[in-house]
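Enquirer: This one is my_file.pdb, PDB, C-alpha atoms.
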ATOM      1  CA  MET X   1     117.546  47.821  85.624
ATOM      2  CA  ASP X   2     118.120  49.672  82.386
ATOM      3  CA  LYS X   3     119.881  52.745  83.752
ATOM      4  CA  LYS X   4     122.894  54.694  82.531
ATOM      5  CA  ILE X   5     125.298  55.971  85.165
ATOM      6  CA  LEU X   6     128.415  58.091  84.871
ATOM      7  CA  ALA X   7     131.007  57.750  87.649
ATOM      8  CA  ILE X   8     133.628  60.445  87.173
ATOM      9  CA  TYR X   9     136.580  61.058  89.448
ATOM     10  CA  TYR X  10     140.269  61.863  89.806
ATOM     11  CA  THR X  11     142.810  59.839  91.736
ATOM     12  CA  GLN X  12     146.543  59.915  92.319
ATOM     13  CA  THR X  13     146.844  57.003  94.720
ATOM     14  CA  GLY X  14     144.129  54.714  93.353
ATOM     15  CA  GLN X  15     142.084  54.983  96.546
ATOM     16  CA  MET X  16     139.161  56.748  94.876
ATOM     17  CA  ARG X  17     139.161  54.142  92.107
ATOM     18  CA  ASP X  18     138.758  51.435  94.757
ATOM     19  CA  ILE X  19     135.954  53.414  96.385
ATOM     20  CA  ILE X  20     134.106  53.878  93.091
ATOM     21  CA  ASP X  21     134.503  50.189  92.212
ATOM     22  CA  SER X  22     133.109  49.116  95.580
ATOM     23  CA  PHE X  23     130.269  51.628  95.605
ATOM     24  CA  THR X  24     129.104  50.860  92.059
ATOM     25  CA  ALA X  25     129.298  47.065  92.372
ATOM     26  CA  PRO X  26     125.636  46.738  93.510
ATOM     27  CA  LEU X  27     124.526  49.013  90.682
ATOM     28  CA  VAL X  28     126.306  46.823  88.145
ATOM     29  CA  GLU X  29     124.822  43.696  89.743
ATOM     30  CA  ALA X  30     121.360  45.253  89.401
ATOM     31  CA  GLY X  31     121.906  45.594  85.652
ATOM     32  CA  ALA X  32     122.825  49.279  85.373
ATOM     33  CA  ASN X  33     125.399  50.398  82.832
ATOM     34  CA  VAL X  34     128.093  52.162  84.856
ATOM     35  CA  GLU X  35     130.556  54.175  82.806
ATOM     36  CA  LYS X  36     133.666  54.968  84.857
ATOM     37  CA  VAL X  37     135.804  57.911  83.799
ATOM     38  CA  GLN X  38     139.068  58.636  85.585
ATOM     39  CA  VAL X  39     140.100  62.111  84.484
ATOM     40  CA  LYS X  40     143.698  63.280  84.278
ATOM     41  CA  LEU X  41     145.257  66.713  84.028
ATOM     42  CA  VAL X  42     147.340  67.839  81.067
ATOM     43  CA  SER X  43     150.023  68.832  83.564
ATOM     44  CA  ASP X  44     149.359  66.195  86.169
ATOM     45  CA  TYR X  45     150.775  66.023  89.662
ATOM     46  CA  ALA X  46     153.530  63.557  90.408
ATOM     47  CA  PHE X  47     152.939  60.912  93.033
ATOM     48  CA  PRO X  48     154.470  60.697  95.515
ATOM     49  CA  TRP X  49     154.623  64.419  96.079
ATOM     50  CA  THR X  50     157.644  66.442  97.003
ATOM     51  CA  GLY X  51     157.142  68.592 100.070
ATOM     52  CA  ALA X  52     157.561  71.814  98.099
ATOM     53  CA  GLY X  53     155.243  70.612  95.337
ATOM     54  CA  PHE X  54     152.540  69.690  97.817
ATOM     55  CA  TYR X  55     152.390  73.099  99.478
ATOM     56  CA  ALA X  56     152.757  74.945  96.171
ATOM     57  CA  VAL X  57     149.238  73.934  95.085
ATOM     58  CA  MET X  58     147.604  75.489  98.144
ATOM     59  CA  PRO X  59     146.967  78.980  96.687
ATOM     60  CA  ASP X  60     145.325  77.643  93.526
ATOM     61  CA  CYS X  61     143.182  75.279  95.606
ATOM     62  CA  VAL X  62     141.877  78.047  97.826
ATOM     63  CA  GLN X  63     141.361  80.411  94.891
ATOM     64  CA  GLU X  64     139.650  77.577  92.980
ATOM     65  CA  VAL X  65     141.797  77.951  89.895
ATOM     66  CA  PRO X  66     140.949  75.128  87.440
ATOM     67  CA  ALA X  67     143.547  73.244  85.419
ATOM     68  CA  GLU X  68     143.269  71.824  81.914
ATOM     69  CA  LEU X  69     141.962  68.261  81.739
ATOM     70  CA  GLN X  70     143.227  65.711  79.268
ATOM     71  CA  PRO X  71     140.579  64.975  76.605
ATOM     72  CA  PHE X  72     138.081  62.303  77.576
ATOM     73  CA  ASP X  73     135.137  60.736  75.799
ATOM     74  CA  LEU X  74     131.702  60.078  77.247
ATOM     75  CA  GLU X  75     129.536  57.317  75.857
ATOM     76  CA  GLU X  76     126.270  59.159  76.411
ATOM     77  CA  LYS X  77     124.938  62.698  76.206
ATOM     78  CA  LYS X  78     122.649  62.174  79.182
ATOM     79  CA  TYR X  79     122.690  59.867  82.202
ATOM     80  CA  ASP X  80     120.151  58.696  84.756
ATOM     81  CA  MET X  81     122.624  59.466  87.527
ATOM     82  CA  VAL X  82     126.116  60.895  87.967
ATOM     83  CA  ILE X  83     128.516  59.817  90.707
ATOM     84  CA  LEU X  84     131.188  62.405  91.457
ATOM     85  CA  GLY X  85     134.251  61.292  93.405
ATOM     86  CA  TYR X  86     136.441  64.088  94.721
ATOM     87  CA  GLN X  87     139.132  64.968  97.251
ATOM     88  CA  PRO X  88     139.519  68.017  99.506
ATOM     89  CA  TRP X  89     142.966  69.633  99.356
ATOM     90  CA  PHE X  90     143.754  72.319 101.917
ATOM     91  CA  LEU X  91     140.064  72.422 102.957
ATOM     92  CA  TRP X  92     138.892  73.263  99.403
ATOM     93  CA  PRO X  93     137.991  70.946  96.498
ATOM     94  CA  SER X  94     141.194  69.638  94.938
ATOM     95  CA  ILE X  95     142.332  71.325  91.743
ATOM     96  CA  PRO X  96     141.400  68.255  89.631
ATOM     97  CA  SER X  97     137.964  68.057  91.290
ATOM     98  CA  ASN X  98     137.365  71.757  90.737
ATOM     99  CA  SER X  99     138.479  71.322  87.130
ATOM    100  CA  ILE X 100     135.894  68.580  86.581
ATOM    101  CA  LEU X 101     133.145  70.825  87.917
ATOM    102  CA  ASN X 102     134.264  73.706  85.689
ATOM    103  CA  ASN X 103     134.378  71.577  82.534
ATOM    104  CA  THR X 104     131.710  72.660  80.032
ATOM    105  CA  ASP X 105     130.891  69.127  78.881
ATOM    106  CA  ILE X 106     130.482  67.940  82.456
ATOM    107  CA  LYS X 107     128.271  70.910  83.305
ATOM    108  CA  ASP X 108     125.992  69.960  80.412
ATOM    109  CA  ILE X 109     125.815  66.394  81.710
ATOM    110  CA  LEU X 110     125.083  67.554  85.275
ATOM    111  CA  LYS X 111     122.164  69.804  84.367
ATOM    112  CA  ASP X 112     118.858  68.342  85.617
ATOM    113  CA  THR X 113     120.617  65.091  86.573
ATOM    114  CA  PRO X 114     120.592  63.322  89.979
ATOM    115  CA  VAL X 115     124.081  63.381  91.491
ATOM    116  CA  VAL X 116     125.659  61.434  94.337
ATOM    117  CA  THR X 117     128.945  62.805  95.679
ATOM    118  CA  ILE X 118     131.650  60.749  97.386
ATOM    119  CA  SER X 119     134.610  62.435  99.050
ATOM    120  CA  GLU X 120     137.777  60.929 100.481
ATOM    121  CA  ALA X 121     139.628  63.068 103.004
ATOM    122  CA  ARG X 122     142.043  62.894 105.886
ATOM    123  CA  ASN X 123     139.336  64.255 108.170
ATOM    124  CA  MET X 124     138.302  67.783 107.152
ATOM    125  CA  TRP X 125     135.834  67.868 104.268
ATOM    126  CA  LEU X 126     133.119  70.349 105.264
ATOM    127  CA  ASN X 127     134.205  73.449 103.351
ATOM    128  CA  ALA X 128     135.056  71.392 100.258
ATOM    129  CA  TYR X 129     131.590  69.823 100.391
ATOM    130  CA  GLU X 130     129.929  73.231 100.645
ATOM    131  CA  ARG X 131     131.877  74.419  97.611
ATOM    132  CA  VAL X 132     131.056  71.284  95.586
ATOM    133  CA  ARG X 133     127.410  71.472  96.606
ATOM    134  CA  GLN X 134     127.211  75.091  95.432
ATOM    135  CA  LYS X 135     128.946  74.321  92.129
ATOM    136  CA  LEU X 136     126.497  71.498  91.474
ATOM    137  CA  LYS X 137     123.615  73.839  92.230
ATOM    138  CA  ASP X 138     125.058  76.434  89.863
ATOM    139  CA  ALA X 139     125.276  73.753  87.154
ATOM    140  CA  GLY X 140     121.605  72.902  87.621
ATOM    141  CA  ALA X 141     122.337  69.439  89.027
ATOM    142  CA  ASN X 142     120.081  67.666  91.515
ATOM    143  CA  LEU X 143     122.261  66.599  94.430
ATOM    144  CA  VAL X 144     120.440  63.637  95.968
ATOM    145  CA  GLY X 145     123.100  61.958  98.124
ATOM    146  CA  ASN X 146     126.450  62.578  99.747
ATOM    147  CA  ILE X 147     128.996  60.196 101.255
ATOM    148  CA  ALA X 148     132.030  61.458 103.151
ATOM    149  CA  LEU X 149     134.819  58.950 103.764
ATOM    150  CA  VAL X 150     137.650  59.865 106.135
ATOM    151  CA  ASP X 151     140.638  58.498 107.978
ATOM    152  CA  ARG X 152     139.079  57.720 111.364
ATOM    153  CA  HIS X 153     142.293  57.963 113.373
ATOM    154  CA  PRO X 154     142.975  60.938 115.694
ATOM    155  CA  ASN X 155     143.849  64.239 114.034
ATOM    156  CA  ALA X 156     147.503  64.352 115.099
ATOM    157  CA  ILE X 157     148.142  60.720 114.130
ATOM    158  CA  SER X 158     146.556  61.017 110.682
ATOM    159  CA  PHE X 159     148.621  64.179 110.115
ATOM    160  CA  PHE X 160     151.802  62.102 110.336
ATOM    161  CA  THR X 161     150.512  59.104 108.419
ATOM    162  CA  ILE X 162     149.100  61.117 105.497
ATOM    163  CA  PHE X 163     152.470  62.755 104.901
ATOM    164  CA  HIS X 164     154.153  59.356 105.068
ATOM    165  CA  TRP X 165     151.807  58.250 102.291
ATOM    166  CA  MET X 166     151.810  61.413 100.179
ATOM    167  CA  LEU X 167     155.586  61.917 100.313
ATOM    168  CA  GLY X 168     156.622  58.266 100.476
ATOM    169  CA  GLY X 169     154.121  56.794  98.046
ATOM    170  CA  LYS X 170     153.197  53.777 100.151
ATOM    171  CA  LYS X 171     149.967  53.201 102.034
ATOM    172  CA  ASP X 172     151.593  51.207 104.795
ATOM    173  CA  ARG X 173     152.284  51.580 108.512
ATOM    174  CA  TYR X 174     154.854  54.279 109.190
ATOM    175  CA  LEU X 175     157.704  52.795 111.263
ATOM    176  CA  ASN X 176     155.453  49.737 111.725
ATOM    177  CA  ILE X 177     153.956  51.651 114.632
ATOM    178  CA  PHE X 178     151.431  54.064 113.165
ATOM    179  CA  PRO X 179     148.192  52.837 111.546
ATOM    180  CA  LYS X 180     147.767  52.751 107.786
ATOM    181  CA  PRO X 181     146.900  56.165 106.320
ATOM    182  CA  GLY X 182     143.796  57.101 104.405
ATOM    183  CA  VAL X 183     140.344  55.574 104.282
ATOM    184  CA  SER X 184     140.471  52.089 105.755
ATOM    185  CA  ASP X 185     139.984  48.990 103.612
ATOM    186  CA  GLU X 186     136.943  48.152 105.741
ATOM    187  CA  ASP X 187     135.308  51.520 105.053
ATOM    188  CA  ILE X 188     136.048  51.233 101.340
ATOM    189  CA  ALA X 189     134.438  47.777 101.235
ATOM    190  CA  HIS X 190     131.471  49.093 103.238
ATOM    191  CA  THR X 191     130.584  51.551 100.472
ATOM    192  CA  LYS X 192     128.814  48.589  98.828
ATOM    193  CA  VAL X 193     126.090  49.070 101.442
ATOM    194  CA  TYR X 194     125.622  52.667 100.330
ATOM    195  CA  GLY X 195     125.610  51.522  96.710
ATOM    196  CA  GLU X 196     122.797  49.086  97.473
ATOM    197  CA  THR X 197     120.751  51.885  99.005
ATOM    198  CA  VAL X 198     121.315  54.162  96.010
ATOM    199  CA  SER X 199     120.493  51.307  93.640
ATOM    200  CA  LYS X 200     117.038  50.877  95.205
ATOM    201  CA  HIS X 201     116.228  54.547  94.763
ATOM    202  CA  LEU X 202     117.578  54.557  91.226
ATOM    203  CA  ALA X 203     115.403  51.588  90.270
ATOM    204  CA  ARG X 204     112.318  53.425  91.549
ATOM    205  CA  ASN X 205     113.483  56.741  90.102
ATOM    206  CA  ASP X 206     112.589  58.200  93.493
ATOM    207  CA  TRP X 207     115.292  60.079  95.368
ATOM    208  CA  GLY X 208     113.198  61.213  98.300
ATOM    209  CA  GLY X 209     114.729  60.176 101.626
ATOM    210  CA  LEU X 210     117.959  58.848 100.126
ATOM    211  CA  GLN X 211     120.234  61.107 102.154
ATOM    212  CA  ASP X 212     118.346  60.267 105.358
ATOM    213  CA  GLU X 213     118.934  56.565 104.700
ATOM    214  CA  LEU X 214     122.612  57.182 104.022
ATOM    215  CA  LEU X 215     122.855  59.100 107.290
ATOM    216  CA  GLU X 216     121.292  56.180 109.142
ATOM    217  CA  GLN X 217     124.002  53.996 107.611
ATOM    218  CA  LYS X 218     126.696  56.434 108.858
ATOM    219  CA  ALA X 219     127.749  57.465 105.365
ATOM    220  CA  VAL X 220     128.378  60.950 106.760
ATOM    221  CA  ARG X 221     129.578  61.865 110.236
ATOM    222  CA  VAL X 222     130.267  65.355 111.529
ATOM    223  CA  LYS X 223     132.540  65.555 114.550
ATOM    224  CA  TYR X 224     132.196  68.839 116.407
ATOM    225  CA  PRO X 225     135.900  69.324 117.303
ATOM    226  CA  LEU X 226     136.914  68.920 113.660
ATOM    227  CA  MET X 227     134.046  71.138 112.536
ATOM    228  CA  LEU X 228     135.241  73.859 114.907
ATOM    229  CA  LEU X 229     138.850  73.574 113.772
ATOM    230  CA  GLU X 230     137.948  73.609 110.091
ATOM    231  CA  THR X 231     135.520  76.514 110.216
ATOM    232  CA  THR X 232     138.132  78.470 112.173
ATOM    233  CA  ALA X 233     140.873  77.581 109.693
ATOM    234  CA  VAL X 234     139.019  78.523 106.484
ATOM    235  CA  PRO X 235     139.286  82.326 106.850
ATOM    236  CA  THR X 236     142.882  81.945 108.044
ATOM    237  CA  TYR X 237     143.796  79.994 104.910
ATOM    238  CA  THR X 238     142.208  82.724 102.803
ATOM    239  CA  LYS X 239     144.388  85.348 104.490
ATOM    240  CA  TRP X 240     147.497  83.222 103.948
ATOM    241  CA  VAL X 241     146.688  82.940 100.253
ATOM    242  CA  GLY X 242     146.300  86.695  99.966
ATOM    243  CA  LEU X 243     149.709  87.114 101.568
ATOM    244  CA  ILE X 244     151.439  84.409  99.509
ATOM    245  CA  THR X 245     150.058  85.502  96.146
ATOM    246  CA  SER X 246     151.134  89.092  96.784
ATOM    247  CA  LYS X 247     154.793  88.008  96.855
ATOM    248  CA  GLN X 248     157.024  87.530  93.833
ATOM    249  CA  ASN X 249     158.947  84.757  95.573
ATOM    250  CA  ARG X 250     156.342  82.460  97.083
ATOM    251  CA  GLY X 251     158.752  79.826  98.361
ATOM    252  CA  PRO X 252     159.615  81.319 101.776
ATOM    253  CA  TRP X 253     155.977  82.194 102.429
ATOM    254  CA  LEU X 254     154.786  78.688 101.566
ATOM    255  CA  THR X 255     157.416  77.380 103.982
ATOM    256  CA  ALA X 256     156.080  79.768 106.634
ATOM    257  CA  PHE X 257     152.570  78.445 105.967
ATOM    258  CA  LYS X 258     153.818  74.892 106.450
ATOM    259  CA  TYR X 259     155.213  75.725 109.863
ATOM    260  CA  TYR X 260     152.054  77.623 110.712
ATOM    261  CA  LEU X 261     150.153  74.363 110.166
ATOM    262  CA  TYR X 262     152.423  72.563 112.620
ATOM    263  CA  VAL X 263     151.913  75.221 115.274
ATOM    264  CA  ALA X 264     148.160  75.383 114.630
ATOM    265  CA  LEU X 265     147.763  71.611 114.928
ATOM    266  CA  PHE X 266     149.928  70.870 117.932
ATOM    267  CA  LEU X 267     149.549  74.096 119.911
ATOM    268  CA  GLY X 268     146.671  76.193 118.610
ATOM    269  CA  ALA X 269     144.113  73.413 118.194
ATOM    270  CA  PRO X 270     144.333  72.051 121.787
ATOM    271  CA  ILE X 271     144.036  75.576 123.187
ATOM    272  CA  LEU X 272     141.066  76.430 120.950
ATOM    273  CA  LEU X 273     139.226  73.208 121.773
ATOM    274  CA  THR X 274     139.826  73.632 125.495
ATOM    275  CA  LEU X 275     138.572  77.226 125.568
ATOM    276  CA  ASP X 276     135.577  76.293 123.436
ATOM    277  CA  ALA X 277     134.690  73.363 125.711
ATOM    278  CA  ILE X 278     134.661  75.682 128.717
ATOM    279  CA  PHE X 279     133.193  78.932 127.447
ATOM    280  CA  ILE X 280     131.207  78.278 124.254
ATOM    281  CA  ARG X 281     130.090  74.720 123.560
ATOM    282  CA  PRO X 282     127.989  74.261 126.755
ATOM    283  CA  PHE X 283     125.884  77.292 125.796
ATOM    284  CA  SER X 284     125.617  76.810 122.041
ATOM    285  CA  SER X 285     124.021  73.422 121.466
ATOM    286  CA  LYS X 286     121.246  74.702 119.179
ATOM    287  CA  ARG X 287     123.662  76.637 116.977
ATOM    288  CA  ILE X 288     126.074  73.708 116.816
ATOM    289  CA  ASN X 289     123.352  71.219 115.900
ATOM    290  CA  ALA X 290     122.010  73.544 113.186
ATOM    291  CA  LYS X 291     125.489  73.858 111.733
ATOM    292  CA  LYS X 292     125.958  70.081 111.758
ATOM    293  CA  GLN X 293     122.659  69.596 109.961
ATOM    294  CA  ASN X 294     123.804  71.912 107.198
ATOM    295  CA  TYR X 295     126.753  69.625 106.454
ATOM    296  CA  LEU X 296     124.680  66.454 106.731
ATOM    297  CA  GLN X 297     122.111  67.432 104.150
ATOM    298  CA  VAL X 298     122.226  67.821 100.380
ATOM    299  CA  ILE X 299     120.305  71.112 100.149
TER     300      ILE X 299
END
Represent the structure from my file as structure tokens, please.
Expert:
Amino acid sequence: MDKKILAIYYTQTGQMRDIIDSFTAPLVEAGANVEKVQVKLVSDYAFPWTGAGFYAVMPDCVQEVPAELQPFDLEEKKYDMVILGYQPWFLWPSIPSNSILNNTDIKDILKDTPVVTISEARNMWLNAYERVRQKLKDAGANLVGNIALVDRHPNAISFFTIFHWMLGGKKDRYLNIFPKPGVSDEDIAHTKVYGETVSKHLARNDWGGLQDELLEQKAVRVKYPLMLLETTAVPTYTKWVGLITSKQNRGPWLTAFKYYLYVALFLGAPILLTLDAIFIRPFSSKRINAKKQNYLQVI
């Protein structure tokens, strides 16, 4: 298969690099030329994070402020397919991911080109996907497939384990009690299956039905409780950003936002889900299913 593919992504932890390597393995085996580009920022983020540094990026994430990328070279001026790996931060595309999508050279590459997106998230990726999908549309790209990888553990548990990883720098079991954070090794390895499916469509140069096949393979799953929590949180985050950015000294307000997250997760979320289960969900199945379908599809 004489095809040229660009796989472009950002990673701090190396997890997305592992995902891209696994996903593209069948494409390489089929004879495609896969060019992998790991972008970096001029002023990159340290890993592991500090607590203050982690929360400090929230306003720029939500306001979609791009950062300057380090120079990178592309082997081709046009590709048969682009694979975009990205991360949601604070429910929006991460600053590095947003910066990739705002890069003029990348926009030129994306125009009229089939694109497959792969996200890695703790568990909430819907708003980030909508934003990425719109940016690809604005660039004239042809989004043909989407894969959403998440930490499958319960919301409260993954909240603890992700901070153990992000602030401690090790993807291991916190206190030898909690599960490993992030996308599981099994799910990363399983992306080969999705790569095989994409490879077949690429060989035929026919993208019709690709996303439906990926959905059958469980490449994307939308859980209603998380969908409810995320769609409720998005406007709240926007209001927090308006408040924080209006202050000369952001530090105390970012700290207040941090504690708001704790209260929202451990107190607000159970109350919201309980009230919804009683008063709304039983009477809203059509609306809920329509909303799920929006996140499952690529158009």
Enquirer: Enumerate, as a PyMOL selection string, the residues matched when the PyMOL selection byres ((chain X and resi 242) around 12) is run on the file above.
Expert: chain X and resi 58-60+62-63+235-241+243-247+250+253-254+257
Enquirer: X:Leu74, X:Leu84, X:Ala277, X:Leu126: which is nearest Ala141 (chain X), counting all atoms listed in the file?
Expert: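 Using all atoms listed in the file, the shortest distance to Ala141 (chain X) belongs to X:Leu84.
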Enquirer: Using only C-alpha atoms, pick whichever of X:His153, X:Lys107, X:Arg122, X:Arg17 has the shortest atom-to-atom distance to Gly140 (chain X).
Expert: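 Between X:His153, X:Lys107, X:Arg122, X:Arg17, the residue approaching Gly140 (chain X) most closely is X:Lys107.
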Enquirer: Could you state which residues are captured by the PyMOL selection byres ((chain X and resi 295) around 8) in this file, as a PyMOL selection string?
Expert: chain X and resi 126+129-130+222+291-294+296-298
Enquirer: If the PyMOL selection byres ((chain X and resi 211-214) around 10) is run on the structure shown, which residues does it catch, given as JSON, numbers by chain?
Expert: {"X": [116, 143, 144, 145, 146, 147, 193, 194, 195, 197, 198, 207, 208, 209, 210, 215, 216, 217, 218, 219, 220, 296, 297, 298]}
Enquirer: Around (140.7, 73.2, 123.2) in the file's frame, which residues reach within 12 Å when counting only C-alpha atoms? Return as a list in words?
Expert: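 With a cut-off of 12 Å, the residues come to Tyr224, Pro225, Leu226, Leu228, Leu229, Ala264, Leu265, Phe266, Leu267, Gly268, Ala269, Pro270, Ile271, Leu272, Leu273, Thr274, Leu275, Asp276, Ala277, Ile278, Phe279, Ile280 and Arg281 of chain X.
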Enquirer: Could you pull region 32-69 of chain X out of the structure just shown and give C-alpha atoms as an mmCIF file, in the first residue's frame?
Expert:
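Writing the result to part.cif gives the following:
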data_model
loop_
_atom_site.group_PDB
_atom_site.id
_atom_site.type_symbol
_atom_site.label_atom_id
_atom_site.label_comp_id
_atom_site.auth_asym_id
_atom_site.auth_seq_id
_atom_site.Cartn_x
_atom_site.Cartn_y
_atom_site.Cartn_z
ATOM 1 C CA ALA X 32 2.148 2.659 4.287
ATOM 2 C CA ASN X 33 4.733 5.320 5.039
ATOM 3 C CA VAL X 34 3.797 6.674 8.468
ATOM 4 C CA GLU X 35 5.545 9.888 9.436
ATOM 5 C CA LYS X 36 5.266 10.480 13.189
ATOM 6 C CA VAL X 37 5.692 14.016 14.478
ATOM 7 C CA GLN X 38 5.713 14.696 18.207
ATOM 8 C CA VAL X 39 5.355 18.450 18.577
ATOM 9 C CA LYS X 40 6.760 20.430 21.485
ATOM 10 C CA LEU X 41 6.078 23.920 22.765
ATOM 11 C CA VAL X 42 8.713 26.644 22.876
ATOM 12 C CA SER X 43 7.803 27.122 26.531
ATOM 13 C CA ASP X 44 6.867 23.565 27.339
ATOM 14 C CA TYR X 45 5.162 22.302 30.459
ATOM 15 C CA ALA X 46 7.205 20.496 33.066
ATOM 16 C CA PHE X 47 6.295 16.942 33.945
ATOM 17 C CA PRO X 48 5.394 16.089 36.593
ATOM 18 C CA TRP X 49 3.279 19.152 37.174
ATOM 19 C CA THR X 50 3.173 21.270 40.269
ATOM 20 C CA GLY X 51 -0.312 21.755 41.649
ATOM 21 C CA ALA X 52 -0.236 25.501 41.014
ATOM 22 C CA GLY X 53 1.150 25.038 37.505
ATOM 23 C CA PHE X 54 -1.552 22.543 36.619
ATOM 24 C CA TYR X 55 -4.455 24.801 37.551
ATOM 25 C CA ALA X 56 -2.786 27.886 36.075
ATOM 26 C CA VAL X 57 -3.302 26.602 32.515
ATOM 27 C CA MET X 58 -7.068 26.294 32.930
ATOM 28 C CA PRO X 59 -8.021 29.807 31.719
ATOM 29 C CA ASP X 60 -5.945 29.556 28.541
ATOM 30 C CA CYS X 61 -7.383 26.099 27.840
ATOM 31 C CA VAL X 62 -10.963 27.284 28.105
ATOM 32 C CA GLN X 63 -10.256 30.454 26.125
ATOM 33 C CA GLU X 64 -8.391 28.353 23.533
ATOM 34 C CA VAL X 65 -5.274 30.486 23.600
ATOM 35 C CA PRO X 66 -2.587 28.830 21.420
ATOM 36 C CA ALA X 67 1.080 28.650 22.371
ATOM 37 C CA GLU X 68 4.134 28.799 20.128
ATOM 38 C CA LEU X 69 5.309 25.433 18.814
#
